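Data file: work_24.pdb. Format and content: PDB, C-alpha atoms, pLDDT in the B column.
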```
ATOM      1  CA  MET A   1      18.042  11.121 -10.520  1.00 43.00           C
ATOM      2  CA  ILE A   2      15.267   9.869  -8.326  1.00 45.00           C
ATOM      3  CA  GLY A   3      12.155   8.807 -10.204  1.00 44.00           C
ATOM      4  CA  ASN A   4      10.602   5.932 -12.037  1.00 41.00           C
ATOM      5  CA  ARG A   5      10.306   6.772 -15.753  1.00 42.00           C
ATOM      6  CA  GLY A   6      12.501   6.881 -18.811  1.00 44.00           C
ATOM      7  CA  GLN A   7      13.795  10.029 -20.418  1.00 43.00           C
ATOM      8  CA  PHE A   8      14.064  11.349 -23.942  1.00 41.00           C
ATOM      9  CA  SER A   9      16.193  14.074 -25.485  1.00 42.00           C
ATOM     10  CA  ALA A  10      14.865  17.346 -26.861  1.00 48.00           C
ATOM     11  CA  GLY A  11      17.499  19.700 -28.153  1.00 57.00           C
ATOM     12  CA  ARG A  12      20.614  19.627 -26.023  1.00 72.00           C
ATOM     13  CA  LYS A  13      18.993  18.687 -22.703  1.00 83.00           C
ATOM     14  CA  ALA A  14      17.301  15.491 -21.684  1.00 93.00           C
ATOM     15  CA  VAL A  15      13.594  15.948 -21.000  1.00 95.00           C
ATOM     16  CA  ILE A  16      12.066  13.721 -18.355  1.00 96.00           C
ATOM     17  CA  PRO A  17       8.281  13.315 -18.475  1.00 97.00           C
ATOM     18  CA  VAL A  18       6.454  13.339 -15.129  1.00 97.00           C
ATOM     19  CA  ALA A  19       2.972  11.812 -15.345  1.00 97.00           C
ATOM     20  CA  THR A  20      -0.030  12.070 -13.041  1.00 96.00           C
ATOM     21  CA  GLY A  21       0.727  10.634  -9.617  1.00 95.00           C
ATOM     22  CA  GLU A  22       4.494  10.767 -10.130  1.00 96.00           C
ATOM     23  CA  VAL A  23       7.267  12.651  -8.368  1.00 97.00           C
ATOM     24  CA  TRP A  24      10.682  13.107  -9.968  1.00 97.00           C
ATOM     25  CA  VAL A  25      13.677  14.792  -8.311  1.00 98.00           C
ATOM     26  CA  THR A  26      17.167  15.349  -9.706  1.00 97.00           C
ATOM     27  CA  SER A  27      20.320  17.441  -9.535  1.00 96.00           C
ATOM     28  CA  GLN A  28      21.228  16.729 -13.164  1.00 96.00           C
ATOM     29  CA  LYS A  29      21.041  19.409 -15.866  1.00 94.00           C
ATOM     30  CA  VAL A  30      17.765  18.215 -17.367  1.00 96.00           C
ATOM     31  CA  ILE A  31      14.256  19.502 -17.924  1.00 96.00           C
ATOM     32  CA  LEU A  32      11.347  17.938 -16.034  1.00 98.00           C
ATOM     33  CA  ARG A  33       8.069  18.178 -17.917  1.00 97.00           C
ATOM     34  CA  SER A  34       4.399  17.466 -17.174  1.00 97.00           C
ATOM     35  CA  ASP A  35       1.777  17.631 -19.900  1.00 96.00           C
ATOM     36  CA  GLY A  36      -1.989  17.330 -19.861  1.00 95.00           C
ATOM     37  CA  ILE A  37      -2.421  19.202 -16.574  1.00 98.00           C
ATOM     38  CA  GLY A  38      -6.151  19.696 -16.125  1.00 96.00           C
ATOM     39  CA  SER A  39      -7.591  19.673 -12.612  1.00 97.00           C
ATOM     40  CA  CYS A  40      -4.295  18.297 -11.259  1.00 97.00           C
ATOM     41  CA  VAL A  41      -1.720  20.620  -9.718  1.00 98.00           C
ATOM     42  CA  VAL A  42       1.963  20.326 -10.560  1.00 98.00           C
ATOM     43  CA  VAL A  43       4.444  21.496  -7.948  1.00 98.00           C
ATOM     44  CA  ALA A  44       7.739  22.608  -9.488  1.00 98.00           C
ATOM     45  CA  ALA A  45      10.178  22.807  -6.560  1.00 98.00           C
ATOM     46  CA  HIS A  46      13.761  24.061  -6.794  1.00 98.00           C
ATOM     47  CA  ASP A  47      16.721  24.709  -4.505  1.00 97.00           C
ATOM     48  CA  PRO A  48      18.783  27.432  -6.216  1.00 95.00           C
ATOM     49  CA  LYS A  49      21.748  27.038  -3.850  1.00 95.00           C
ATOM     50  CA  ARG A  50      22.260  23.366  -4.646  1.00 96.00           C
ATOM     51  CA  MET A  51      20.620  23.187  -8.101  1.00 95.00           C
ATOM     52  CA  ILE A  52      18.244  20.425  -7.039  1.00 97.00           C
ATOM     53  CA  GLY A  53      14.706  20.352  -8.342  1.00 98.00           C
ATOM     54  CA  GLY A  54      11.637  18.243  -8.750  1.00 98.00           C
ATOM     55  CA  LEU A  55       8.135  17.986 -10.119  1.00 98.00           C
ATOM     56  CA  GLY A  56       5.152  16.417  -8.420  1.00 98.00           C
ATOM     57  CA  HIS A  57       2.019  15.891 -10.557  1.00 98.00           C
ATOM     58  CA  ILE A  58      -0.760  15.803  -7.944  1.00 98.00           C
ATOM     59  CA  MET A  59      -4.315  14.660  -8.564  1.00 97.00           C
ATOM     60  CA  LEU A  60      -6.189  14.816  -5.233  1.00 96.00           C
ATOM     61  CA  PRO A  61      -6.262  17.040  -2.117  1.00 97.00           C
ATOM     62  CA  GLY A  62      -5.298  15.844   1.352  1.00 94.00           C
ATOM     63  CA  LYS A  63      -3.604  12.540   2.049  1.00 91.00           C
ATOM     64  CA  SER A  64      -4.194   8.934   1.208  1.00 89.00           C
ATOM     65  CA  ALA A  65      -6.176   6.941   3.749  1.00 83.00           C
ATOM     66  CA  ASN A  66      -3.745   4.060   3.175  1.00 75.00           C
ATOM     67  CA  ARG A  67      -0.304   5.493   3.941  1.00 63.00           C
ATOM     68  CA  GLY A  68       1.733   2.308   3.895  1.00 65.00           C
ATOM     69  CA  PHE A  69       5.301   1.742   2.775  1.00 64.00           C
ATOM     70  CA  MET A  70       4.716   3.236  -0.685  1.00 68.00           C
ATOM     71  CA  PRO A  71       3.182   6.728  -0.745  1.00 70.00           C
ATOM     72  CA  ASN A  72       0.187   7.298  -2.997  1.00 87.00           C
ATOM     73  CA  ARG A  73       1.575  10.281  -4.892  1.00 92.00           C
ATOM     74  CA  LYS A  74      -1.820  11.091  -6.383  1.00 94.00           C
ATOM     75  CA  TYR A  75      -2.625  12.822  -3.060  1.00 95.00           C
ATOM     76  CA  ALA A  76      -1.200  16.234  -2.173  1.00 97.00           C
ATOM     77  CA  GLN A  77       0.281  15.358   1.229  1.00 96.00           C
ATOM     78  CA  ASP A  78       1.834  12.090   0.039  1.00 95.00           C
ATOM     79  CA  ALA A  79       3.296  13.663  -3.121  1.00 96.00           C
ATOM     80  CA  ILE A  80       4.717  16.728  -1.391  1.00 97.00           C
ATOM     81  CA  ASP A  81       6.162  14.620   1.446  1.00 95.00           C
ATOM     82  CA  ASP A  82       7.860  12.421  -1.162  1.00 95.00           C
ATOM     83  CA  LEU A  83       9.075  15.420  -3.194  1.00 97.00           C
ATOM     84  CA  LEU A  84      10.633  17.099  -0.158  1.00 98.00           C
ATOM     85  CA  PHE A  85      12.090  13.821   1.148  1.00 97.00           C
ATOM     86  CA  LYS A  86      13.818  13.168  -2.184  1.00 97.00           C
ATOM     87  CA  MET A  87      15.126  16.729  -2.441  1.00 98.00           C
ATOM     88  CA  LYS A  88      16.493  16.560   1.109  1.00 97.00           C
ATOM     89  CA  ARG A  89      18.076  13.192   0.353  1.00 97.00           C
ATOM     90  CA  LEU A  90      20.052  14.927  -2.421  1.00 97.00           C
ATOM     91  CA  GLY A  91      21.176  17.634   0.036  1.00 97.00           C
ATOM     92  CA  SER A  92      18.500  20.320  -0.113  1.00 97.00           C
ATOM     93  CA  VAL A  93      17.021  22.039   2.931  1.00 94.00           C
ATOM     94  CA  ALA A  94      13.462  23.363   3.144  1.00 93.00           C
ATOM     95  CA  GLU A  95      14.391  26.998   3.812  1.00 94.00           C
ATOM     96  CA  ASP A  96      16.270  27.131   0.491  1.00 96.00           C
ATOM     97  CA  MET A  97      13.469  25.621  -1.594  1.00 97.00           C
ATOM     98  CA  THR A  98      11.039  27.578  -3.722  1.00 97.00           C
ATOM     99  CA  ALA A  99       8.023  26.356  -5.664  1.00 98.00           C
ATOM    100  CA  CYS A 100       5.697  27.268  -8.505  1.00 98.00           C
ATOM    101  CA  LEU A 101       2.199  25.816  -8.936  1.00 98.00           C
ATOM    102  CA  ILE A 102       0.608  24.999 -12.272  1.00 98.00           C
ATOM    103  CA  GLY A 103      -2.851  23.536 -12.957  1.00 98.00           C
ATOM    104  CA  GLY A 104      -6.029  23.206 -10.965  1.00 97.00           C
ATOM    105  CA  GLY A 105      -8.149  24.107 -13.986  1.00 96.00           C
ATOM    106  CA  ASN A 106     -11.806  23.164 -14.250  1.00 96.00           C
ATOM    107  CA  VAL A 107     -11.240  21.761 -17.750  1.00 95.00           C
ATOM    108  CA  LEU A 108     -14.585  19.928 -17.730  1.00 93.00           C
ATOM    109  CA  LYS A 109     -16.299  23.276 -17.043  1.00 95.00           C
ATOM    110  CA  ASP A 110     -18.380  21.726 -14.276  1.00 94.00           C
ATOM    111  CA  GLU A 111     -20.146  24.585 -12.525  1.00 93.00           C
ATOM    112  CA  ASN A 112     -20.474  22.440  -9.376  1.00 93.00           C
ATOM    113  CA  ASP A 113     -16.769  21.556  -9.256  1.00 93.00           C
ATOM    114  CA  THR A 114     -15.124  21.872  -5.853  1.00 94.00           C
ATOM    115  CA  LEU A 115     -12.141  19.569  -6.461  1.00 94.00           C
ATOM    116  CA  CYS A 116      -9.960  22.083  -8.303  1.00 96.00           C
ATOM    117  CA  ARG A 117     -10.143  24.755  -5.589  1.00 97.00           C
ATOM    118  CA  ALA A 118      -9.761  22.127  -2.847  1.00 97.00           C
ATOM    119  CA  LEU A 119      -6.610  20.774  -4.512  1.00 98.00           C
ATOM    120  CA  ILE A 120      -5.073  24.220  -5.016  1.00 98.00           C
ATOM    121  CA  ASP A 121      -5.812  25.100  -1.378  1.00 98.00           C
ATOM    122  CA  SER A 122      -4.487  21.759  -0.103  1.00 98.00           C
ATOM    123  CA  VAL A 123      -1.186  22.062  -1.991  1.00 98.00           C
ATOM    124  CA  THR A 124      -0.755  25.713  -0.978  1.00 98.00           C
ATOM    125  CA  GLU A 125      -1.394  24.962   2.708  1.00 98.00           C
ATOM    126  CA  ILE A 126       0.981  21.969   2.799  1.00 98.00           C
ATOM    127  CA  LEU A 127       3.784  24.001   1.212  1.00 98.00           C
ATOM    128  CA  LYS A 128       3.129  26.822   3.686  1.00 97.00           C
ATOM    129  CA  GLN A 129       3.312  24.376   6.619  1.00 97.00           C
ATOM    130  CA  GLU A 130       6.617  23.037   5.253  1.00 96.00           C
ATOM    131  CA  GLY A 131       8.060  26.548   4.917  1.00 96.00           C
ATOM    132  CA  ILE A 132       8.340  26.383   1.112  1.00 97.00           C
ATOM    133  CA  ARG A 133       7.928  29.762  -0.608  1.00 96.00           C
ATOM    134  CA  VAL A 134       5.547  29.778  -3.569  1.00 97.00           C
ATOM    135  CA  MET A 135       7.059  32.176  -6.090  1.00 97.00           C
ATOM    136  CA  GLU A 136       4.481  32.068  -8.914  1.00 97.00           C
ATOM    137  CA  THR A 137       1.254  30.304  -9.800  1.00 98.00           C
ATOM    138  CA  ALA A 138      -0.687  29.544 -12.963  1.00 98.00           C
ATOM    139  CA  VAL A 139      -3.783  27.941 -11.455  1.00 98.00           C
ATOM    140  CA  GLY A 140      -7.536  27.888 -11.937  1.00 96.00           C
ATOM    141  CA  GLY A 141      -9.423  28.759 -15.067  1.00 96.00           C
ATOM    142  CA  VAL A 142     -10.690  26.155 -17.538  1.00 96.00           C
ATOM    143  CA  ILE A 143      -7.679  25.494 -19.802  1.00 95.00           C
ATOM    144  CA  ARG A 144      -5.305  22.522 -19.641  1.00 97.00           C
ATOM    145  CA  ARG A 145      -1.653  23.337 -19.119  1.00 97.00           C
ATOM    146  CA  SER A 146       1.855  21.936 -19.472  1.00 97.00           C
ATOM    147  CA  ALA A 147       4.804  22.717 -17.192  1.00 98.00           C
ATOM    148  CA  TRP A 148       8.589  22.582 -17.556  1.00 96.00           C
ATOM    149  CA  LEU A 149      11.266  22.969 -14.870  1.00 97.00           C
ATOM    150  CA  ASN A 150      14.842  23.606 -15.981  1.00 96.00           C
ATOM    151  CA  ILE A 151      16.934  22.143 -13.156  1.00 96.00           C
ATOM    152  CA  GLU A 152      20.069  24.025 -14.206  1.00 93.00           C
ATOM    153  CA  ASP A 153      18.666  27.522 -13.656  1.00 94.00           C
ATOM    154  CA  GLY A 154      15.361  26.912 -11.829  1.00 95.00           C
ATOM    155  CA  SER A 155      13.249  28.545 -14.542  1.00 96.00           C
ATOM    156  CA  VAL A 156       9.658  27.359 -14.786  1.00 97.00           C
ATOM    157  CA  TYR A 157       7.701  27.520 -18.023  1.00 97.00           C
ATOM    158  CA  CYS A 158       3.980  27.042 -18.575  1.00 97.00           C
ATOM    159  CA  ALA A 159       1.893  26.536 -21.698  1.00 96.00           C
ATOM    160  CA  GLU A 160      -1.884  26.932 -21.789  1.00 95.00           C
ATOM    161  CA  GLY A 161      -3.915  24.920 -24.254  1.00 93.00           C
ATOM    162  CA  ASP A 162      -2.058  24.599 -27.561  1.00 91.00           C
ATOM    163  CA  ARG A 163       0.075  27.702 -27.013  1.00 92.00           C
ATOM    164  CA  THR A 164       3.841  27.547 -26.795  1.00 90.00           C
ATOM    165  CA  GLU A 165       5.467  27.690 -23.392  1.00 90.00           C
ATOM    166  CA  ALA A 166       6.035  31.028 -21.703  1.00 94.00           C
ATOM    167  CA  LEU A 167       8.283  31.875 -18.780  1.00 95.00           C
ATOM    168  CA  LEU A 168       6.340  31.703 -15.507  1.00 97.00           C
ATOM    169  CA  TYR A 169       9.267  32.169 -13.124  1.00 96.00           C
ATOM    170  CA  LYS A 170      12.860  33.099 -13.883  1.00 94.00           C
ATOM    171  CA  GLY A 171      14.965  31.078 -11.513  1.00 86.00           C
ATOM    172  CA  GLY A 172      18.625  31.602 -10.945  1.00 72.00           C
ATOM    173  CA  ARG A 173      21.511  30.254  -8.999  1.00 62.00           C
ATOM    174  CA  SER A 174      21.700  31.636  -5.492  1.00 54.00           C
ATOM    175  CA  HIS A 175      25.143  32.369  -4.111  1.00 47.00           C
ATOM    176  CA  GLY A 176      23.963  32.962  -0.542  1.00 47.00           C
TER     177      GLY A 176
END
```
Encoded form (structure tokens):
Amino acid sequence: MIGNRGQFSAGRKAVIPVATGEVWVTSQKVILRSDGIGSCVVVAAHDPKRMIGGLGHIMLPGKSANRGFMPNRKYAQDAIDDLLFKMKRLGSVAEDMTACLIGGGNVLKDENDTLCRALIDSVTEILKQEGIRVMETAVGGVIRRSAWLNIEDGSVYCAEGDRTEALLYKGGRSHG
């Protein structure tokens, strides 16, 4: 696993929390989870051929002005670059990757908000430039969300507010 946080067990699978500004990538049979997704956008990326997946919990559009040795994963470009780099390091290739997007909600209900739409657009454009297919989205609105990615089968789940999670995208192992 490539990340920087601990894990805990829920049921039979380990659940790895991915916080704001973090990217976690693995090929292990675990669940990656991000909670408290408000205006942030979570990218749930998966390679069904190689069963490699990752979550990036992104806070800001564009890229960091200070792109030194350590990427600032709060920014869309930095986080997605890091996510794809880590997936490729485990053997994935861009043309086999898919993604789902969760978040970008105006949870503060600010009628002058432009950040949420800018972040959604930034993430979408970067993934398009990288050739990553976006399969499903749960973005916009005014409700906070949570996201889960099951690495084993590529399924992505989303919960809105205090509701229980619901299937957003049914992944599956590709045999191509």
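For Lys29 in chain A, the list of residues within 8 Å, based on all atoms listed in the file and with local chain neighbours fewer than 3 positions off taken out, reads Lys13, Ala14, Asn150, Ile151 and Glu152 of chain A.
The residue that comes closest to Cys116 in chain A, out of A:Leu55, A:Ala19, A:Met135, A:Ile37 and on the basis of all atoms listed in the file, is A:Ile37.
Picked out by the PyMOL selection byres ((chain A and resi 44) around 7) when it runs on this file: A:Val42, A:Val43, A:Ala45, A:His46, A:Gly54, A:Leu55, A:Gly56, A:Ala99, A:Cys100, A:Leu101, A:Leu149.
On the file presented, the PyMOL selection byres ((chain A and resi 105-111) around 8) picks out Ile37, Gly38, Ser39, Cys40, Gly103, Gly104, Asn112, Asp113, Cys116, Val139, Gly140, Gly141, Val142, Ile143 and Arg144 of chain A.
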Would you write out, as an NGL selection string, every residue that the PyMOL selection byres ((chain A and resi 161) around 8) captures in this file?
-> :A and (143-145 or 159-160 or 162-163)
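Atom to atom, CA of Ile52 in chain A and CA of Val15 in chain A stand 15.4 Å apart.
From CA of Glu22 in chain A back to CA of Ala76 in chain A, the distance works out to 11.2 Å.
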Using only C-alpha atoms, which residues sit within 10 Å of Trp148 in chain A once same-chain residues fewer than 2 positions away are excluded, as JSON, numbers by chain?
-> {"A": [15, 16, 17, 18, 31, 32, 33, 34, 35, 42, 44, 55, 102, 146, 150, 151, 154, 155, 156, 157, 158, 159, 165, 166, 167, 168]}
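Our summary of the geometry notes that CA of Asp78 in chain A is positioned 18.3 Å from CA of Arg117 in chain A.
For the choices A:Lys170, A:Arg133, A:Lys49, A:Lys86, the atom-to-atom distance to Thr98 in chain A is smallest for A:Arg133 when using only C-alpha atoms.
Proximity to Phe85 in chain A was assessed for A:Ile132, A:Val25, A:Val30, A:Ala147 counting all atoms listed in the file; the smallest distance is recorded for A:Val25.
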